[in-house]
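Asker: Data: my_file32.tsv, TSV, C-alpha atoms.
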chain	number	residue	atom	x	y	z
C	411	MET	CA	183.98	-113.68	35.30
C	412	ARG	CA	183.71	-111.52	38.36
C	413	TYR	CA	180.35	-110.11	39.46
C	414	GLY	CA	181.23	-106.49	38.53
C	415	MET	CA	182.38	-107.40	35.02
C	416	LEU	CA	179.36	-109.66	34.53
C	417	LEU	CA	177.01	-106.85	35.55
C	418	ILE	CA	178.68	-104.42	33.10
C	419	ALA	CA	178.40	-106.98	30.28
C	420	LEU	CA	174.74	-107.55	30.99
C	421	LEU	CA	174.04	-103.82	31.04
C	422	LEU	CA	175.90	-103.21	27.76
C	423	ASN	CA	174.00	-105.99	26.01
C	424	ALA	CA	170.62	-105.22	27.49
C	425	ALA	CA	167.81	-104.20	25.16
C	426	PRO	CA	167.00	-100.49	25.19
C	427	LEU	CA	164.30	-99.46	27.62
C	428	THR	CA	160.87	-98.94	26.08
C	429	ALA	CA	157.57	-97.79	27.48
C	430	ALA	CA	155.93	-100.66	29.34
C	431	GLU	CA	152.86	-102.19	27.81
C	432	PRO	CA	149.76	-101.58	29.91
C	433	ALA	CA	148.87	-104.60	31.99
C	434	PRO	CA	145.75	-106.44	30.81
C	435	PRO	CA	142.72	-105.89	33.05
C	436	THR	CA	142.23	-108.60	35.65
C	437	THR	CA	139.35	-111.01	35.17
C	438	ASN	CA	139.27	-112.08	38.82
C	439	ALA	CA	137.36	-109.85	41.23
C	440	ALA	CA	139.11	-111.44	44.22
C	441	LEU	CA	142.34	-109.66	43.28
C	442	LYS	CA	140.60	-106.30	43.59
C	443	TYR	CA	139.03	-107.19	46.91
C	444	TRP	CA	142.36	-108.37	48.29
C	445	LEU	CA	143.88	-104.99	47.46
C	446	ALA	CA	141.28	-103.54	49.81
C	447	PHE	CA	141.59	-106.24	52.46
C	448	ALA	CA	145.39	-106.03	52.62
C	449	ASN	CA	145.28	-102.36	53.62
C	450	MET	CA	142.37	-102.47	56.06
C	451	ASN	CA	144.13	-101.67	59.32
C	452	TYR	CA	141.82	-100.22	61.96
C	453	ASP	CA	142.52	-99.57	65.63
C	454	LYS	CA	140.21	-100.76	68.42
C	455	ASP	CA	138.17	-97.58	68.46
C	456	GLN	CA	137.62	-97.73	64.71
C	457	GLU	CA	136.71	-101.42	64.89
C	458	LYS	CA	134.04	-100.50	67.42
C	459	ILE	CA	132.69	-97.81	65.09
C	460	ILE	CA	132.56	-100.33	62.23
C	461	GLU	CA	130.82	-102.90	64.43
C	462	ASP	CA	128.21	-100.32	65.47
C	463	TRP	CA	127.87	-98.84	61.97
C	464	ASN	CA	124.08	-98.41	62.29
C	465	LYS	CA	124.19	-96.71	65.71
C	466	VAL	CA	127.20	-94.41	65.87
C	467	PRO	CA	126.73	-90.67	65.31
C	468	LEU	CA	128.05	-89.41	61.98
C	469	ASP	CA	130.77	-87.28	63.54
C	470	ALA	CA	134.39	-86.37	62.84
C	471	LYS	CA	135.58	-89.83	63.88
C	472	VAL	CA	133.37	-91.45	61.27
C	473	ASP	CA	134.52	-88.93	58.66
C	474	LYS	CA	138.15	-89.76	59.40
C	475	LEU	CA	137.51	-93.51	59.23
C	476	LEU	CA	135.63	-93.30	55.95
C	477	ASP	CA	138.04	-90.83	54.39
C	478	ASN	CA	140.87	-93.24	55.20
C	479	SER	CA	138.78	-96.08	53.70
C	480	ARG	CA	138.31	-94.47	50.29
C	481	ASN	CA	140.85	-96.77	48.64
C	482	HIS	CA	139.24	-99.84	50.19
C	483	LEU	CA	135.81	-98.87	48.91
C	484	ARG	CA	137.27	-97.98	45.51
C	485	GLU	CA	138.65	-101.52	45.13
C	486	MET	CA	135.29	-102.91	46.23
C	487	HIS	CA	133.61	-100.90	43.46
C	488	ARG	CA	136.16	-102.20	40.96
C	489	GLY	CA	135.75	-105.79	42.07
C	490	ALA	CA	132.00	-105.51	41.65
C	491	GLN	CA	132.45	-104.75	37.94
C	492	ILE	CA	134.11	-108.14	37.35
C	493	GLU	CA	131.89	-111.21	37.04
C	494	GLN	CA	134.42	-113.93	37.84
C	495	CYS	CA	135.65	-114.32	41.43
C	496	ASP	CA	138.09	-117.04	42.49
C	497	TRP	CA	139.47	-116.83	46.03
C	498	GLY	CA	142.13	-119.46	45.32
C	499	LEU	CA	140.97	-121.80	48.10
C	500	ASP	CA	142.85	-125.06	48.56
C	501	TYR	CA	140.11	-127.62	49.12
C	502	SER	CA	142.70	-130.35	49.68
C	503	ASP	CA	143.17	-128.93	53.20
C	504	GLY	CA	139.69	-130.12	54.20
C	505	VAL	CA	138.62	-128.82	57.61
C	506	ASN	CA	141.93	-126.96	57.86
C	507	MET	CA	141.20	-124.87	54.77
C	508	LEU	CA	141.82	-121.17	55.40
C	509	LEU	CA	139.01	-118.70	54.64
C	510	PRO	CA	140.52	-115.32	55.57
C	511	HIS	CA	138.47	-113.44	52.99
C	512	LEU	CA	135.21	-114.05	54.85
C	513	GLY	CA	136.08	-111.92	57.88
C	514	LYS	CA	137.66	-109.24	55.69
C	515	ALA	CA	134.59	-109.03	53.46
C	516	ARG	CA	132.38	-108.83	56.55
C	517	ASN	CA	134.33	-105.84	57.80
C	518	LEU	CA	134.39	-104.09	54.43
C	519	THR	CA	130.63	-104.61	54.11
C	520	ARG	CA	130.06	-102.76	57.38
C	521	VAL	CA	132.39	-99.98	56.25
C	522	ALA	CA	130.28	-99.75	53.07
C	523	ALA	CA	127.09	-99.62	55.17
C	524	LEU	CA	128.54	-96.80	57.24
C	525	ASP	CA	129.45	-94.97	54.04
C	526	ILE	CA	125.89	-95.46	52.78
C	527	ARG	CA	124.60	-93.79	55.95
C	528	ARG	CA	126.93	-90.83	55.47
C	529	GLU	CA	126.07	-90.42	51.79
C	530	PHE	CA	122.36	-90.39	52.60
C	531	ALA	CA	123.01	-87.77	55.29
C	532	ARG	CA	124.87	-85.67	52.70
C	533	GLY	CA	121.97	-85.93	50.27
C	534	ASN	CA	123.83	-88.21	47.87
C	535	GLY	CA	121.22	-90.93	47.45
C	536	ARG	CA	122.60	-91.99	44.09
C	537	GLY	CA	126.07	-92.59	45.53
C	538	ALA	CA	124.63	-94.45	48.50
C	539	VAL	CA	122.66	-96.80	46.27
C	540	GLN	CA	125.67	-97.49	44.06
C	541	THR	CA	127.78	-98.39	47.09
C	542	GLY	CA	124.97	-100.69	48.22
C	543	LEU	CA	124.71	-102.36	44.84
C	544	ASP	CA	128.45	-103.00	44.69
C	545	ALA	CA	128.50	-104.31	48.26
C	546	LEU	CA	125.73	-106.76	47.30
C	547	VAL	CA	127.87	-107.96	44.39
C	548	MET	CA	130.76	-108.50	46.80
C	549	ALA	CA	128.43	-110.53	49.01
C	550	ARG	CA	127.62	-112.73	46.01
C	551	HIS	CA	131.32	-113.03	45.20
C	552	VAL	CA	132.02	-114.14	48.77
C	553	ASN	CA	129.57	-116.96	48.08
C	554	SER	CA	131.43	-118.12	44.95
C	555	ASP	CA	133.01	-121.16	46.63
C	556	TYR	CA	131.48	-124.44	47.81
C	557	THR	CA	131.34	-123.91	51.58
C	558	LEU	CA	128.23	-123.47	53.70
C	559	ILE	CA	129.95	-120.85	55.82
C	560	SER	CA	130.34	-118.58	52.78
C	561	ILE	CA	126.58	-118.76	52.22
C	562	LEU	CA	125.92	-117.72	55.82
C	563	VAL	CA	128.41	-114.84	55.54
C	564	ARG	CA	126.73	-113.72	52.34
C	565	ILE	CA	123.36	-113.72	54.10
C	566	VAL	CA	124.55	-111.58	57.01
C	567	ASN	CA	126.37	-109.18	54.66
C	568	GLU	CA	123.27	-108.72	52.52
C	569	ALA	CA	121.19	-108.08	55.66
C	570	THR	CA	123.59	-105.28	56.61
C	571	ILE	CA	123.28	-103.59	53.22
C	572	PHE	CA	119.50	-104.03	53.08
C	573	GLU	CA	119.20	-102.27	56.44
C	574	ALA	CA	121.54	-99.45	55.39
C	575	LEU	CA	119.72	-98.82	52.11
C	576	ALA	CA	116.28	-98.89	53.73
C	577	THR	CA	117.07	-95.98	56.04
C	578	GLY	CA	117.51	-93.54	53.15
C	579	LEU	CA	115.16	-95.08	50.61
C	580	PRO	CA	112.59	-92.22	50.66
C	581	LYS	CA	115.36	-89.80	49.57
C	582	VAL	CA	116.56	-91.85	46.57
C	583	ASP	CA	115.99	-90.55	43.04
C	584	ALA	CA	113.71	-92.46	40.66
C	585	ALA	CA	116.49	-93.77	38.41
C	586	SER	CA	118.44	-95.19	41.37
C	587	LEU	CA	115.31	-96.81	42.77
C	588	THR	CA	114.71	-98.51	39.43
C	589	LYS	CA	118.33	-99.66	39.32
C	590	LEU	CA	118.12	-101.12	42.83
C	591	ALA	CA	114.83	-102.86	42.08
C	592	ALA	CA	116.31	-104.45	38.96
C	593	ALA	CA	119.25	-105.77	40.99
C	594	LEU	CA	116.92	-107.34	43.55
C	595	ASP	CA	114.79	-108.88	40.78
C	596	ALA	CA	117.82	-110.41	39.03
C	597	PRO	CA	118.87	-114.03	39.70
C	598	ARG	CA	120.89	-114.25	42.90
C	599	GLY	CA	123.89	-116.18	41.57
C	600	GLY	CA	126.59	-117.60	43.82
C	601	GLY	CA	126.78	-121.08	45.30
C	602	SER	CA	123.68	-122.85	46.59
C	603	VAL	CA	123.12	-124.82	49.78
C	604	VAL	CA	122.47	-128.02	47.82
C	605	GLU	CA	125.81	-127.60	46.02
C	606	SER	CA	127.52	-127.01	49.36
C	607	ILE	CA	126.05	-130.17	50.88
C	608	LYS	CA	127.41	-132.19	47.98
C	609	ALA	CA	130.76	-130.46	48.36
C	610	GLU	CA	130.84	-131.20	52.10
C	611	LYS	CA	130.64	-134.88	51.24
C	612	GLU	CA	133.84	-134.63	49.20
C	613	LEU	CA	135.70	-131.94	51.11
C	614	MET	CA	134.85	-133.09	54.61
C	615	ALA	CA	133.92	-136.78	54.76
C	616	ARG	CA	136.20	-138.18	52.06
C	617	TRP	CA	139.01	-135.88	53.21
C	618	MET	CA	138.73	-137.27	56.74
C	619	ILE	CA	139.06	-140.84	55.45
C	620	ARG	CA	142.21	-139.93	53.54
C	621	GLN	CA	143.64	-138.15	56.57
C	622	MET	CA	142.91	-141.08	58.86
C	623	LYS	CA	144.67	-143.46	56.52
C	624	GLU	CA	147.72	-141.20	56.32
C	625	LEU	CA	147.92	-140.76	60.09
C	626	GLU	CA	147.38	-144.44	60.82
C	627	ALA	CA	150.13	-145.39	58.39
C	628	ARG	CA	152.56	-143.29	60.43
C	629	LYS	CA	151.48	-144.35	63.90
C	630	ALA	CA	148.86	-146.84	65.08
C	631	GLY	CA	145.90	-145.19	66.81
C	632	SER	CA	146.61	-141.70	65.54
C	633	TYR	CA	143.55	-141.82	63.25
C	634	LYS	CA	141.53	-140.49	66.21
C	635	GLU	CA	143.16	-137.07	65.86
C	636	VAL	CA	141.09	-136.41	62.73
C	637	PHE	CA	137.85	-136.28	64.72
C	638	GLN	CA	139.19	-133.40	66.78
C	639	LEU	CA	140.26	-131.21	63.87
C	640	GLY	CA	138.20	-128.09	63.37
C	641	MET	CA	136.06	-128.73	66.44
C	642	SER	CA	135.42	-125.93	68.91
C	643	GLU	CA	135.98	-126.14	72.65
C	644	SER	CA	132.26	-125.88	73.37
C	645	PRO	CA	130.82	-128.52	75.73
C	646	GLU	CA	128.47	-129.68	72.97
C	647	ASP	CA	131.28	-130.25	70.45
C	648	LYS	CA	133.41	-131.97	73.08
C	649	ALA	CA	130.57	-134.31	73.99
C	650	ARG	CA	129.84	-135.16	70.34
C	651	THR	CA	133.52	-135.78	69.66
C	652	GLN	CA	133.82	-138.07	72.69
C	653	ARG	CA	130.81	-140.13	71.56
C	654	VAL	CA	132.48	-140.62	68.18
C	655	LEU	CA	135.80	-141.61	69.79
C	656	ASP	CA	134.02	-144.12	72.03
C	657	ALA	CA	132.25	-145.70	69.05
C	658	ALA	CA	135.26	-145.58	66.70
C	659	ASP	CA	137.56	-147.59	68.96
C	660	THR	CA	139.36	-149.14	65.99
C	661	PHE	CA	140.66	-147.68	62.76
C	662	GLU	CA	138.42	-149.98	60.70
C	663	LYS	CA	135.29	-148.91	62.60
C	664	ALA	CA	136.17	-145.24	62.17
C	665	VAL	CA	136.55	-145.53	58.41
C	666	LYS	CA	133.33	-147.51	58.07
C	667	MET	CA	131.38	-144.96	60.12
C	668	ILE	CA	132.34	-142.18	57.72
C	669	GLU	CA	131.77	-144.33	54.64
C	670	ASP	CA	128.29	-145.14	55.95
C	671	LEU	CA	127.64	-141.40	56.14
C	672	MET	CA	128.06	-140.83	52.38
C	673	PRO	CA	124.44	-141.66	51.42
C	674	VAL	CA	123.23	-139.32	54.18
C	675	TYR	CA	124.79	-136.34	52.40
C	676	ASP	CA	122.91	-137.32	49.24
C	677	ASP	CA	119.66	-137.61	51.18
C	678	LEU	CA	120.23	-134.20	52.79
C	679	ALA	CA	120.74	-132.58	49.40
C	680	LYS	CA	117.46	-134.09	48.18
C	681	LEU	CA	115.60	-133.05	51.33
C	682	TYR	CA	116.85	-129.49	51.17
C	683	GLY	CA	115.72	-129.23	47.56
C	684	LEU	CA	112.11	-129.89	48.60
C	685	PRO	CA	109.54	-127.10	49.14
C	686	ALA	CA	109.85	-125.51	52.58
C	687	LYS	CA	106.81	-127.23	54.11
C	688	GLU	CA	107.95	-130.66	52.94
C	689	PHE	CA	111.49	-130.07	54.22
C	690	ASP	CA	110.17	-128.94	57.61
C	691	ALA	CA	107.96	-132.02	57.84
C	692	GLN	CA	110.63	-134.56	56.90
C	693	TYR	CA	113.98	-133.22	58.09
C	694	PRO	CA	113.66	-133.39	61.92
C	695	ALA	CA	112.85	-137.09	61.96
C	696	TYR	CA	115.49	-137.86	59.36
C	697	GLY	CA	118.16	-135.88	61.23
C	698	LYS	CA	117.43	-137.69	64.50
C	699	LYS	CA	117.46	-141.06	62.77
C	700	ALA	CA	120.81	-140.35	61.06
C	701	ALA	CA	122.40	-139.16	64.32
C	702	ALA	CA	121.11	-142.19	66.23
C	703	ALA	CA	122.40	-144.60	63.60
C	704	ASN	CA	125.84	-143.01	63.28
C	705	PRO	CA	127.55	-140.79	65.91
C	706	VAL	CA	129.65	-139.17	63.16
C	707	ALA	CA	126.46	-137.68	61.69
C	708	ALA	CA	125.98	-135.46	64.74
C	709	LEU	CA	129.62	-134.37	64.49
C	710	LEU	CA	129.93	-133.66	60.78
C	711	LEU	CA	126.52	-132.95	59.30
C	712	PRO	CA	125.49	-129.27	59.33
C	713	ALA	CA	122.39	-128.15	61.22
C	714	MET	CA	120.20	-127.81	58.15
C	715	GLN	CA	117.27	-126.30	60.05
C	716	ASN	CA	119.46	-123.35	61.04
C	717	VAL	CA	120.68	-122.94	57.47
C	718	ALA	CA	117.11	-123.09	56.16
C	719	ALA	CA	115.97	-120.47	58.69
C	720	ALA	CA	118.82	-118.14	57.70
C	721	GLU	CA	118.03	-118.52	53.99
C	722	ARG	CA	114.34	-117.88	54.54
C	723	ARG	CA	115.10	-114.78	56.57
C	724	ASN	CA	117.30	-113.58	53.72
C	725	LEU	CA	114.54	-114.26	51.18
C	726	THR	CA	112.11	-112.32	53.36
C	727	GLN	CA	114.50	-109.37	53.76
C	728	ARG	CA	115.01	-109.16	50.01
C	729	ALA	CA	111.25	-109.22	49.46
C	730	LEU	CA	110.76	-106.55	52.14
C	731	LEU	CA	113.29	-104.21	50.51
C	732	ARG	CA	111.75	-104.84	47.08
C	733	ALA	CA	108.29	-104.07	48.48
C	734	ALA	CA	109.61	-100.92	50.15
C	735	ILE	CA	110.89	-99.68	46.79
C	736	THR	CA	107.45	-100.24	45.28
C	737	ILE	CA	105.83	-98.24	48.09
C	738	VAL	CA	108.33	-95.37	47.81
C	739	GLN	CA	107.72	-95.28	44.05
C	740	GLY	CA	103.95	-95.54	44.12
C	741	GLY	CA	102.73	-94.47	47.54
C	742	ALA	CA	101.29	-96.16	50.62
C	743	GLU	CA	98.47	-97.78	48.65
C	744	LYS	CA	101.05	-100.01	46.99
C	745	ALA	CA	101.55	-101.78	50.33
C	746	LYS	CA	98.36	-103.73	49.60
C	747	GLU	CA	99.97	-105.13	46.44
C	748	THR	CA	103.04	-106.53	48.21
C	749	MET	CA	103.34	-110.23	48.84
C	750	ASP	CA	104.79	-111.81	51.96
C	751	PRO	CA	106.60	-115.00	50.83
C	752	PHE	CA	105.74	-116.62	54.17
C	753	GLY	CA	102.26	-115.21	54.63
C	754	ASP	CA	98.95	-115.40	52.84
C	755	GLY	CA	98.82	-111.77	51.76
C	756	PRO	CA	100.74	-108.48	51.79
C	757	PHE	CA	103.31	-107.42	54.33
C	758	GLU	CA	101.95	-105.62	57.37
C	759	TYR	CA	102.40	-101.88	56.79
C	760	ARG	CA	102.74	-99.21	59.49
C	761	ALA	CA	103.47	-95.57	58.65
C	762	PHE	CA	105.21	-93.16	60.98
C	763	ASP	CA	106.35	-89.55	60.68
C	764	GLY	CA	109.44	-89.87	58.48
C	765	GLY	CA	108.91	-93.31	56.97
C	766	PHE	CA	107.21	-96.65	57.45
C	767	GLU	CA	107.75	-100.19	58.67
C	768	LEU	CA	107.03	-103.46	56.89
C	769	LYS	CA	106.56	-106.68	58.84
C	770	SER	CA	106.53	-110.28	57.61
C	771	LYS	CA	104.74	-113.29	59.07
C	772	PHE	CA	108.08	-115.11	59.05
C	773	VAL	CA	109.54	-115.41	62.53
C	774	TYR	CA	113.29	-115.69	62.98
C	775	LYS	CA	114.71	-116.48	66.43
C	776	GLY	CA	111.43	-115.54	68.07
C	777	ASN	CA	110.86	-112.22	66.28
C	778	PRO	CA	108.99	-111.35	63.08
C	779	VAL	CA	111.29	-110.12	60.31
C	780	THR	CA	110.78	-106.40	59.73
C	781	LEU	CA	112.24	-103.57	57.67
C	782	THR	CA	112.30	-99.94	58.78
C	783	VAL	CA	112.29	-97.42	55.93
C	784	GLY	CA	113.35	-93.86	56.68
C	785	HIS	CA	113.82	-92.34	60.15
C	786	ALA	CA	111.25	-91.43	62.77
C	787	LYS	CA	111.18	-87.68	63.29
Mind turning this structure into structure tokens?
Answerer:
Amino acid sequence: MRYGMLLIALLLNAAPLTAAEPAPPTTNAALKYWLAFANMNYDKDQEKIIEDWNKVPLDAKVDKLLDNSRNHLREMHRGAQIEQCDWGLDYSDGVNMLLPHLGKARNLTRVAALDIRREFARGNGRGAVQTGLDALVMARHVNSDYTLISILVRIVNEATIFEALATGLPKVDAASLTKLAAALDAPRGGGSVVESIKAEKELMARWMIRQMKELEARKAGSYKEVFQLGMSESPEDKARTQRVLDAADTFEKAVKMIEDLMPVYDDLAKLYGLPAKEFDAQYPAYGKKAAAANPVAALLLPAMQNVAAAERRNLTQRALLRAAITIVQGGAEKAKETMDPFGDGPFEYRAFDGGFELKSKFVYKGNPVTLTVGHAK
């Protein structure tokens, strides 16, 4: 039968058209976020505005950027209403696994922070807080996988939103303040560092062994290529990689070096689960010992002290914002009732015309962690 006759026959026998059934609501927040990410196309000038979201004047350029971002923010709000978030990552790719959502979520978070600034300036504190709450949910959703990098991205995204919300906190209505406080008091959710360490053992170390075996089966000596995958061009990474290549001069030695690293991941998970003071006391010596015993440790194992510092800064920032809400709700006297998680008393409080500043005893990269609430007049 020719194509034309076949098409006519199919049309004549087709079922009559009926109204389409409404599609069931998605149960995966990632699908909503990707609708936003796929359409986020900004030029260089707009990227600069987004990068400097907390400094740029709220002018016509910002209005244009945010007005063109309404659909992106709408999908962020929709994604935040869905509990489940699966980014569809293929962990079988090991160090080659693609994580495009992390950079996209980082950019959308800064767009949300810029929108929070504008809403506060327009007197819409309730809208600003809701955008902040939904951006914090997206940060948690970003951290729904088993990678350490997603935890670090979550931390920096939350810091952005905490800063944006703090600037307009004195102008927020009582109901929105209560809503924000409840969100900060709720369990954090998302993946934990201990879970990520255990996952690194499977997704990094065991993956490398499988890859080495596959490469070596194709061509003798090609197992060495695995040690260069995912490594940066920094002098430090190059030096660490060369030390591994010098020590792993045979395929058998290379495999054994990684196999010997397996218990170290388990020890790291246990160490990180200890109270902060115990971790700080035990980790440095353990890390040096592991690196000295096995060159692969210095190449593969994450810098847990840096991760711990970032998490503690995040914990402090959350506590600072929660304390700021208490002070806005109850007055300056409430500052005495706050509790610095890394001090032996309340946060340091300093009032200025138009707001106040809270300072923690916790020092991050040489500076005490602070939160500025309101704007100096």
Asker: Between CA of Met622 in chain C and CA of Met672 in chain C, what is the distance in Å, rounded to a tenth?
Answerer: 16.2 Å
Asker: Show me, as a PDB file with C-alpha atoms, keeping the file's coordinate frame, the residues that have an atom within 9 Å of Ala707 in chain C when counting all atoms listed in the file, minus same-chain residues fewer than 6 positions from it.
Answerer:
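So the final result, stored in around.pdb, reads:
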ATOM      1  CA  MET C 667     131.380-144.960  60.120  1.00  0.00           C
ATOM      2  CA  ILE C 668     132.340-142.180  57.720  1.00  0.00           C
ATOM      3  CA  LEU C 671     127.640-141.400  56.140  1.00  0.00           C
ATOM      4  CA  VAL C 674     123.230-139.320  54.180  1.00  0.00           C
ATOM      5  CA  GLY C 697     118.160-135.880  61.230  1.00  0.00           C
ATOM      6  CA  ALA C 700     120.810-140.350  61.060  1.00  0.00           C
ATOM      7  CA  ALA C 701     122.400-139.160  64.320  1.00  0.00           C
TER       8      ALA C 701
END
Asker: Taking 3 positions as the minimum chain separation for residues in the same chain, which residues sit within 9 Å of Arg528 in chain C when counting all atoms listed in the file? Answer as a PyMOL selection string.
Answerer: chain C and resi 468+472-473+523-525+531-534+538
Asker: Report, in Å to a single decimal, how far apart CA of Lys744 in chain C and CA of Phe572 in chain C are.
Answerer: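 The value is 19.8 Å.
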Asker: Could the centre and edge lengths of an axis-aligned box, enclosing all atoms of range 569-578 of chain C in the file with 6 Å extra on each side, be given in Å to one decimal as JSON?
Answerer:
{"center_x": 119.9, "center_y": -100.8, "center_z": 54.4, "size_x": 19.3, "size_y": 26.5, "size_z": 16.5}
Asker: If you measure from CA of Lys629 in chain C to CA of Glu662 in chain C, what distance in Å do you get, rounded to one decimal?
Answerer: 14.6 Å
Asker: Neighbouring residues of Ala574 in chain C were defined as those with any atom within 12 Å, considering only C-alpha atoms; residues of the same chain fewer than 3 positions away were excluded. Please report them as a PyMOL selection string.
Answerer: chain C and resi 463-465+519-531+535+538-539+541-543+545-546+567-571+577-579+731+781-785
